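For reference, the structure discussed in these notes is given below.
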Amino acid sequence: MSEKNIVIAFGGRSPEHEVSVLSAMQAIAALEKTNYNIVPLYISKSGRWFTGDYLLELEHYQDLDTLQEQAVACTFSFDDLGKPVLLETEKKGFFSSARSYSIYALIPAFHGSEGENGAFQGACEIFHIPFGGSGVFASSLGMDKIKAKELCRAHDIAVVNDVTFIENEWQENQETILSNIEALGYPVIIKPATLGSSIGVKKAENKDALIDVIETAFRYDERLLAEQAIQPLVEINCSVLGLPGDARASVCERPVGSEETLSFEDKYQNEKGSSKGMASADRVIPADIPDEQSKKIKELSLRIFSVFQASGVARLDFLIQKNTGDIYFNEINTIPGSFSFYLWEEEGMNMKELMLQLVDIAIRKHQKKTGRIRSYDTNLLSEKAVRGIKGLKGSKT
């Protein structure tokens, strides 16, 4: 049997670049002792694509300039048989030659921006590459908190009241926007619409603080949403693994932060060390909530996973109003930090098994898609050719 290459894609032009590297290193370590050959695809902060064995070691990312000097530029392409490959586009050394790697499957390990919002997934689909994660539709919606909430409202899934606005509106109608936000009642939570890892997310207790956190959030995104703060709040997360209509939910977790709302620092920079990514964050697993609530959140997670047409592994985050028990959908992470493997460990599945599941999902999803008719036989162009180019342009008046 020929060697099967699994491409792990990560990095990217995103504030979550470093978090992506951590998730990728965890995936690479998990797959090292399998029958697959691991090929890294690192996208730099400037958007350049690289591959090479030098990218397989976490400590090499301490010096990104040296990393790029040692790595090899690459791109997607097709081989002579029309199959997808990762193609080296330069040689390293006088006696070396550029290589190409046939792609059996690809696992995206991006967090944020072009890597998680569907853009990279679109490139995979153009090159007919099986990839173990959500497609363009779910990825783009999952990264857009505003549109995600609109979809949930359309399906009668409870979400927190909010006010949404863009930077131009803020510059022109600041007082009106402030008034609308204050109608929600303090405190309010300000969020960039298309970032993850809690970057740019801040709570405001009064008008002065509100203006300050809005101005800060606009440094990351031109679209913001202000949400009514749930108090007292319990945050609960649940992971889903599979394909729409064929998925299962993990146990629930209750993340523990230094504040009521979990921050980037809580997730990745606590005293346990940042090399473990999301796995280093403090959490209670299984979540210490009533069984009835846990069951409802699992059911909601599966339903939302299906509504979004997500696939692979995702993490769905919920907010519970502690006094009333009301549950609100917060967001779906179509490529969760550390792939939420710590939730699947509670289900008896280790990181290696989870990664192998993602490879299997990539192949199954690709086979389902390529099994459909992808072209439509027609003589349309022949008919147009008979009419000639003038017929296509139309007549002049």
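Naming works like this for the structure tokens: A, B, ... for the chains as they're shown, residue 1 at the start of each chain, ligands 1 onward in shown order.
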
Give me the residues within 8 Å of A:Leu358 as an mmCIF file with N, CA and C atoms, in the first residue's frame, counting only C-alpha atoms and dropping any in the same chain fewer than 3 places off.
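Okay, this is what ended up in selection34.cif:
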data_model
loop_
_atom_site.group_PDB
_atom_site.id
_atom_site.type_symbol
_atom_site.label_atom_id
_atom_site.label_comp_id
_atom_site.auth_asym_id
_atom_site.auth_seq_id
_atom_site.Cartn_x
_atom_site.Cartn_y
_atom_site.Cartn_z
ATOM 1 N N ILE A 107 -6.234 18.001 7.751
ATOM 2 C CA ILE A 107 -6.888 18.421 8.994
ATOM 3 C C ILE A 107 -6.565 19.892 9.235
ATOM 4 N N GLY A 132 -10.940 17.286 7.221
ATOM 5 C CA GLY A 132 -11.673 16.850 8.402
ATOM 6 C C GLY A 132 -12.220 17.985 9.226
ATOM 7 N N GLY A 133 -13.197 18.655 8.716
ATOM 8 C CA GLY A 133 -13.816 19.752 9.446
ATOM 9 C C GLY A 133 -15.013 20.269 8.687
ATOM 10 N N GLY A 312 -16.981 17.201 11.309
ATOM 11 C CA GLY A 312 -15.717 17.098 12.033
ATOM 12 C C GLY A 312 -15.971 17.206 13.515
ATOM 13 N N VAL A 313 -15.142 17.976 14.206
ATOM 14 C CA VAL A 313 -15.334 18.203 15.634
ATOM 15 C C VAL A 313 -15.579 19.691 15.870
ATOM 16 N N LEU A 354 -9.146 10.543 18.297
ATOM 17 C CA LEU A 354 -9.930 11.678 17.800
ATOM 18 C C LEU A 354 -9.422 12.127 16.441
ATOM 19 N N MET A 355 -8.099 12.219 16.284
ATOM 20 C CA MET A 355 -7.532 12.626 15.002
ATOM 21 C C MET A 355 -7.842 11.606 13.905
ATOM 22 N N ILE A 361 -13.753 11.041 8.931
ATOM 23 C CA ILE A 361 -14.830 11.963 8.561
ATOM 24 C C ILE A 361 -14.484 12.690 7.260
ATOM 25 N N ALA A 362 -13.218 13.089 7.122
ATOM 26 C CA ALA A 362 -12.785 13.773 5.893
ATOM 27 C C ALA A 362 -13.034 12.899 4.675
#

### Message
Which residues are close to stretch 218-223 of chain A, i.e. within 8 Å by only C-alpha atoms, leaving aside same-chain residues fewer than 4 positions away? Reply as number ranges by chain.
### Response
A: 164-167, 192-195, 200, 214

### Task
Tell me, as a VMD selection string, which residues lie within 12 Å of A:Val21, counting only C-alpha atoms; anything in the same chain fewer than 6 positions away does not count.
chain A and resid 8 to 12 14 to 15 27 to 28 40 to 45 55 to 62 64 108 to 111 274 to 278 337 to 338

#### Entry: Polymer residues at most 8 Å from A:Ala73, only C-alpha atoms, same-chain spacing of 3 or more positions, as a PyMOL selection string
chain A and resi 48-51+88-90

Find the nearest atom pair between each residue of stretch 87-181 of chain A and stretch 322-333 of chain A for residues within 9 Å, count only C-alpha atoms, give distances in Å to one decimal, sort rows by chain and ascending number, and present the table as a tab-separated table.
residue	atom	partner	partner_atom	distance
A:His111	CA	A:Asn333	CA	8.9
A:Glu116	CA	A:Asn333	CA	8.9
A:Ser139	CA	A:Asn333	CA	8.5
A:Leu141	CA	A:Ile332	CA	8.8
A:Gly142	CA	A:Ile332	CA	5.5
A:Met143	CA	A:Asn333	CA	7.5
A:Lys145	CA	A:Glu331	CA	6.7
A:Ala148	CA	A:Glu331	CA	7.4
A:Lys149	CA	A:Glu331	CA	8.0
A:Cys152	CA	A:Phe329	CA	8.1
A:Ile157	CA	A:Phe329	CA	7.1
A:Ala158	CA	A:Tyr328	CA	5.1
A:Val159	CA	A:Tyr328	CA	4.8
A:Val160	CA	A:Tyr328	CA	6.3

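Closest approach to A:Glu346 among A:Gln174, A:Ser239, A:Gln228, A:Gln121: A:Ser239, based on only C-alpha atoms.
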
### Task
Show which residues sit within 10 Å of A:Ala29, as a ChimeraX atom specification. Count only C-alpha atoms, and ignore same-chain residues fewer than 4 positions away.
/A:24-25,33,38,56-57,351-352

### Message
Taking only C-alpha atoms into account, name the residue in A:Pro130, A:Gly52, A:Gly135, A:Gly348 that is nearest to A:Val39.
### Response
A:Gly52

### Query
Looking at only C-alpha atoms, which of A:Lys91, A:Lys147, A:Lys295, A:Arg364 is the one that sits closest to A:Leu225?
A:Lys147

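When only C-alpha atoms are used to measure the gap to A:Val251, the shortest distance among A:Ile289, A:Ala98, A:Ile304, A:Leu343 belongs to A:Leu343.
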
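The set of residues in stretch 306-379 of chain A assigned to strand (DSSP E) by DSSP, using only backbone atoms of this structure, is Gly312, Val313, Ala314, Arg315, Leu316, Asp317, Phe318, Leu319, Ile320, Gln321, Ile327, Tyr328, Phe329, Asn330, Glu331, Ile332 and Asn333 of chain A.
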
### Query
Any idea what the distance is between atom CA of A:Asp79 and atom CA of A:Asp360?
23.2 Å

### Message
For the structure I just gave you, how does DSSP split stretch 116-253 of chain A - specifically, which residues are helix (DSSP H, G or I)? Reply as a ChimeraX atom specification.
### Response
/A:116,119-126,136-143,145-154,167-172,174-182,207-217

Output file for the residues above (N, CA and C atoms, as a compact mmCIF listing (two decimals), in the first residue's frame):
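Output file again-v9.txt follows:
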# COMPACT_ATOMS: atom_id res chain seq x y z
N GLU A 116 -10.29 29.73 9.50
CA GLU A 116 -11.47 29.11 10.12
C GLU A 116 -12.77 29.64 9.55
N ALA A 119 -12.66 30.40 4.10
CA ALA A 119 -11.81 30.74 2.94
C ALA A 119 -10.86 29.60 2.60
N PHE A 120 -10.17 29.06 3.59
CA PHE A 120 -9.24 27.95 3.34
C PHE A 120 -10.02 26.69 2.95
N GLN A 121 -11.17 26.49 3.57
CA GLN A 121 -12.00 25.34 3.23
C GLN A 121 -12.43 25.40 1.77
N GLY A 122 -12.69 26.62 1.29
CA GLY A 122 -13.03 26.81 -0.12
C GLY A 122 -11.89 26.39 -1.03
N ALA A 123 -10.66 26.71 -0.63
CA ALA A 123 -9.49 26.30 -1.42
C ALA A 123 -9.39 24.78 -1.47
N CYS A 124 -9.66 24.13 -0.33
CA CYS A 124 -9.64 22.66 -0.31
C CYS A 124 -10.68 22.09 -1.26
N GLU A 125 -11.85 22.70 -1.30
CA GLU A 125 -12.90 22.19 -2.19
C GLU A 125 -12.53 22.41 -3.66
N ILE A 126 -11.91 23.53 -3.96
CA ILE A 126 -11.49 23.79 -5.34
C ILE A 126 -10.50 22.72 -5.80
N VAL A 136 -17.49 25.30 3.88
CA VAL A 136 -17.52 26.76 3.74
C VAL A 136 -18.71 27.36 4.50
N PHE A 137 -19.88 26.76 4.34
CA PHE A 137 -21.10 27.32 4.95
C PHE A 137 -21.00 27.38 6.47
N ALA A 138 -20.74 26.24 7.11
CA ALA A 138 -20.68 26.20 8.57
C ALA A 138 -19.50 27.01 9.10
N SER A 139 -18.37 26.95 8.38
CA SER A 139 -17.18 27.67 8.85
C SER A 139 -17.40 29.17 8.85
N SER A 140 -17.99 29.68 7.77
CA SER A 140 -18.22 31.13 7.68
C SER A 140 -19.24 31.59 8.71
N LEU A 141 -20.31 30.81 8.89
CA LEU A 141 -21.31 31.17 9.90
C LEU A 141 -20.75 31.07 11.31
N GLY A 142 -19.97 30.03 11.56
CA GLY A 142 -19.40 29.84 12.89
C GLY A 142 -18.48 30.97 13.30
N MET A 143 -17.81 31.59 12.32
CA MET A 143 -16.91 32.70 12.63
C MET A 143 -17.63 34.03 12.76
N LYS A 145 -20.37 35.85 14.58
CA LYS A 145 -21.29 35.77 15.72
C LYS A 145 -22.64 36.40 15.42
N ILE A 146 -22.66 37.44 14.61
CA ILE A 146 -23.92 38.13 14.31
C ILE A 146 -24.81 37.24 13.46
N LYS A 147 -24.27 36.70 12.37
CA LYS A 147 -25.06 35.85 11.48
C LYS A 147 -25.42 34.53 12.15
N ALA A 148 -24.54 34.03 12.99
CA ALA A 148 -24.83 32.79 13.71
C ALA A 148 -26.06 32.96 14.61
N LYS A 149 -26.14 34.10 15.29
CA LYS A 149 -27.29 34.35 16.15
C LYS A 149 -28.55 34.55 15.33
N GLU A 150 -28.43 35.19 14.17
CA GLU A 150 -29.60 35.37 13.31
C GLU A 150 -30.14 34.02 12.86
N LEU A 151 -29.25 33.09 12.51
CA LEU A 151 -29.68 31.76 12.11
C LEU A 151 -30.38 31.03 13.26
N CYS A 152 -29.81 31.17 14.45
CA CYS A 152 -30.41 30.50 15.61
C CYS A 152 -31.80 31.08 15.92
N ARG A 153 -31.94 32.38 15.82
CA ARG A 153 -33.27 32.98 16.05
C ARG A 153 -34.28 32.43 15.05
N ALA A 154 -33.85 32.24 13.82
CA ALA A 154 -34.74 31.73 12.78
C ALA A 154 -35.19 30.30 13.08
N GLU A 167 -18.29 49.98 12.17
CA GLU A 167 -17.46 51.11 12.56
C GLU A 167 -17.97 52.43 11.98
N ASN A 168 -18.41 52.42 10.71
CA ASN A 168 -18.92 53.66 10.11
C ASN A 168 -20.15 54.17 10.86
N GLU A 169 -21.03 53.26 11.26
CA GLU A 169 -22.22 53.65 12.02
C GLU A 169 -21.83 54.25 13.36
N TRP A 170 -20.80 53.68 13.98
CA TRP A 170 -20.34 54.18 15.27
C TRP A 170 -19.79 55.61 15.13
N GLN A 171 -19.07 55.86 14.06
CA GLN A 171 -18.50 57.19 13.85
C GLN A 171 -19.57 58.25 13.57
N GLU A 172 -20.66 57.82 12.91
CA GLU A 172 -21.69 58.77 12.51
C GLU A 172 -22.84 58.90 13.52
N GLN A 174 -22.86 57.76 17.09
CA GLN A 174 -22.37 57.20 18.34
C GLN A 174 -23.40 57.29 19.47
N GLU A 175 -24.04 58.41 19.63
CA GLU A 175 -24.98 58.58 20.74
C GLU A 175 -26.20 57.67 20.60
N THR A 176 -26.65 57.50 19.36
CA THR A 176 -27.80 56.61 19.13
C THR A 176 -27.44 55.17 19.47
N ILE A 177 -26.25 54.76 19.05
CA ILE A 177 -25.80 53.40 19.34
C ILE A 177 -25.63 53.20 20.84
N LEU A 178 -25.02 54.18 21.50
CA LEU A 178 -24.85 54.08 22.96
C LEU A 178 -26.20 53.97 23.66
N SER A 179 -27.15 54.75 23.19
CA SER A 179 -28.49 54.70 23.78
C SER A 179 -29.13 53.32 23.60
N ASN A 180 -28.97 52.75 22.42
CA ASN A 180 -29.53 51.42 22.16
C ASN A 180 -28.87 50.35 23.02
N ILE A 181 -27.57 50.49 23.19
CA ILE A 181 -26.85 49.52 24.03
C ILE A 181 -27.26 49.66 25.49
N GLU A 182 -27.36 50.90 25.96
CA GLU A 182 -27.71 51.11 27.36
C GLU A 182 -29.12 50.62 27.67
N LYS A 207 -21.02 53.94 31.02
CA LYS A 207 -20.89 54.53 29.70
C LYS A 207 -19.44 54.79 29.32
N ASP A 208 -18.64 55.31 30.23
CA ASP A 208 -17.23 55.60 29.92
C ASP A 208 -16.49 54.31 29.55
N ALA A 209 -16.72 53.27 30.34
CA ALA A 209 -16.06 51.99 30.07
C ALA A 209 -16.57 51.41 28.75
N LEU A 210 -17.84 51.62 28.46
CA LEU A 210 -18.44 51.12 27.22
C LEU A 210 -17.75 51.73 26.01
N ILE A 211 -17.57 53.04 26.01
CA ILE A 211 -16.90 53.71 24.89
C ILE A 211 -15.49 53.18 24.72
N ASP A 212 -14.80 53.00 25.83
CA ASP A 212 -13.42 52.54 25.79
C ASP A 212 -13.31 51.13 25.21
N VAL A 213 -14.16 50.20 25.65
CA VAL A 213 -14.06 48.82 25.15
C VAL A 213 -14.51 48.71 23.69
N ILE A 214 -15.44 49.57 23.28
CA ILE A 214 -15.84 49.59 21.87
C ILE A 214 -14.68 50.04 20.99
N GLU A 215 -14.03 51.12 21.40
CA GLU A 215 -12.89 51.61 20.62
C GLU A 215 -11.78 50.57 20.55
N THR A 216 -11.57 49.83 21.63
CA THR A 216 -10.55 48.78 21.63
C THR A 216 -10.95 47.64 20.71
N ALA A 217 -12.22 47.24 20.76
CA ALA A 217 -12.70 46.12 19.94
C ALA A 217 -12.60 46.43 18.45

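The two atoms in question, atom CA of A:Leu302 and atom CA of A:Lys365, are spaced 17.8 Å apart.
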
Considering only C-alpha atoms, give me a table of residues in stretch 287-348 of chain A that are at most 8 Å from stretch 234-238 of chain A, with the closest atom pair and distance in Å for each, as JSON lines.
{"residue": "A:Ala287", "atom": "CA", "partner": "A:Ile236", "partner_atom": "CA", "distance": 7.3}
{"residue": "A:Ile297", "atom": "CA", "partner": "A:Cys238", "partner_atom": "CA", "distance": 7.4}
{"residue": "A:Lys298", "atom": "CA", "partner": "A:Cys238", "partner_atom": "CA", "distance": 6.7}
{"residue": "A:Ser301", "atom": "CA", "partner": "A:Cys238", "partner_atom": "CA", "distance": 6.8}
{"residue": "A:Arg315", "atom": "CA", "partner": "A:Cys238", "partner_atom": "CA", "distance": 5.7}
{"residue": "A:Leu316", "atom": "CA", "partner": "A:Cys238", "partner_atom": "CA", "distance": 5.4}
{"residue": "A:Asp317", "atom": "CA", "partner": "A:Asn237", "partner_atom": "CA", "distance": 4.4}
{"residue": "A:Phe318", "atom": "CA", "partner": "A:Ile236", "partner_atom": "CA", "distance": 5.2}
{"residue": "A:Leu319", "atom": "CA", "partner": "A:Glu235", "partner_atom": "CA", "distance": 4.9}
{"residue": "A:Ile320", "atom": "CA", "partner": "A:Val234", "partner_atom": "CA", "distance": 5.0}
{"residue": "A:Gln321", "atom": "CA", "partner": "A:Val234", "partner_atom": "CA", "distance": 6.6}
{"residue": "A:Lys322", "atom": "CA", "partner": "A:Val234", "partner_atom": "CA", "distance": 6.2}
{"residue": "A:Leu343", "atom": "CA", "partner": "A:Cys238", "partner_atom": "CA", "distance": 7.7}

For those residues, write C-alpha atoms to a file as a PDB file, in the first residue's frame.
ATOM      1  CA  ALA A 287     -19.865  20.029  34.403  1.00  0.00           C
ATOM      2  CA  ILE A 297     -27.386  21.145  26.309  1.00  0.00           C
ATOM      3  CA  LYS A 298     -26.287  17.945  24.562  1.00  0.00           C
ATOM      4  CA  SER A 301     -25.568  20.973  20.629  1.00  0.00           C
ATOM      5  CA  ARG A 315     -17.372  22.975  20.412  1.00  0.00           C
ATOM      6  CA  LEU A 316     -20.612  24.708  21.252  1.00  0.00           C
ATOM      7  CA  ASP A 317     -20.695  27.256  24.048  1.00  0.00           C
ATOM      8  CA  PHE A 318     -23.756  28.071  26.130  1.00  0.00           C
ATOM      9  CA  LEU A 319     -24.717  30.600  28.794  1.00  0.00           C
ATOM     10  CA  ILE A 320     -26.976  29.652  31.706  1.00  0.00           C
ATOM     11  CA  GLN A 321     -28.823  32.191  33.812  1.00  0.00           C
ATOM     12  CA  LYS A 322     -28.134  30.605  37.184  1.00  0.00           C
ATOM     13  CA  LEU A 343     -13.934  16.437  26.442  1.00  0.00           C
TER      14      LEU A 343
END

#### Entry: Residues near A:Ile103, cut-off 8 Å, only C-alpha atoms, skip fewer than 5 positions along chain, as a ChimeraX atom specification
/A:4-7,84-86,129

Based on the selection just made, write C-alpha atoms of those residues as a PDB file, in the first residue's frame.
ATOM      1  CA  LYS A   4      -0.827   8.066   2.808  1.00  0.00           C
ATOM      2  CA  ASN A   5      -0.034  11.693   3.563  1.00  0.00           C
ATOM      3  CA  ILE A   6      -2.073  13.617   6.122  1.00  0.00           C
ATOM      4  CA  VAL A   7      -1.601  17.381   5.829  1.00  0.00           C
ATOM      5  CA  PRO A  84      -4.451  16.944  -5.311  1.00  0.00           C
ATOM      6  CA  VAL A  85      -0.897  17.426  -4.081  1.00  0.00           C
ATOM      7  CA  LEU A  86       1.002  19.774  -1.808  1.00  0.00           C
ATOM      8  CA  ILE A 129      -8.992  17.776  -1.033  1.00  0.00           C
TER       9      ILE A 129
END

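Distances from A:Val201, A:Ile189, A:Ile363, A:Val72 to A:Asn161 were compared using only C-alpha atoms, and the smallest one belongs to A:Ile189.
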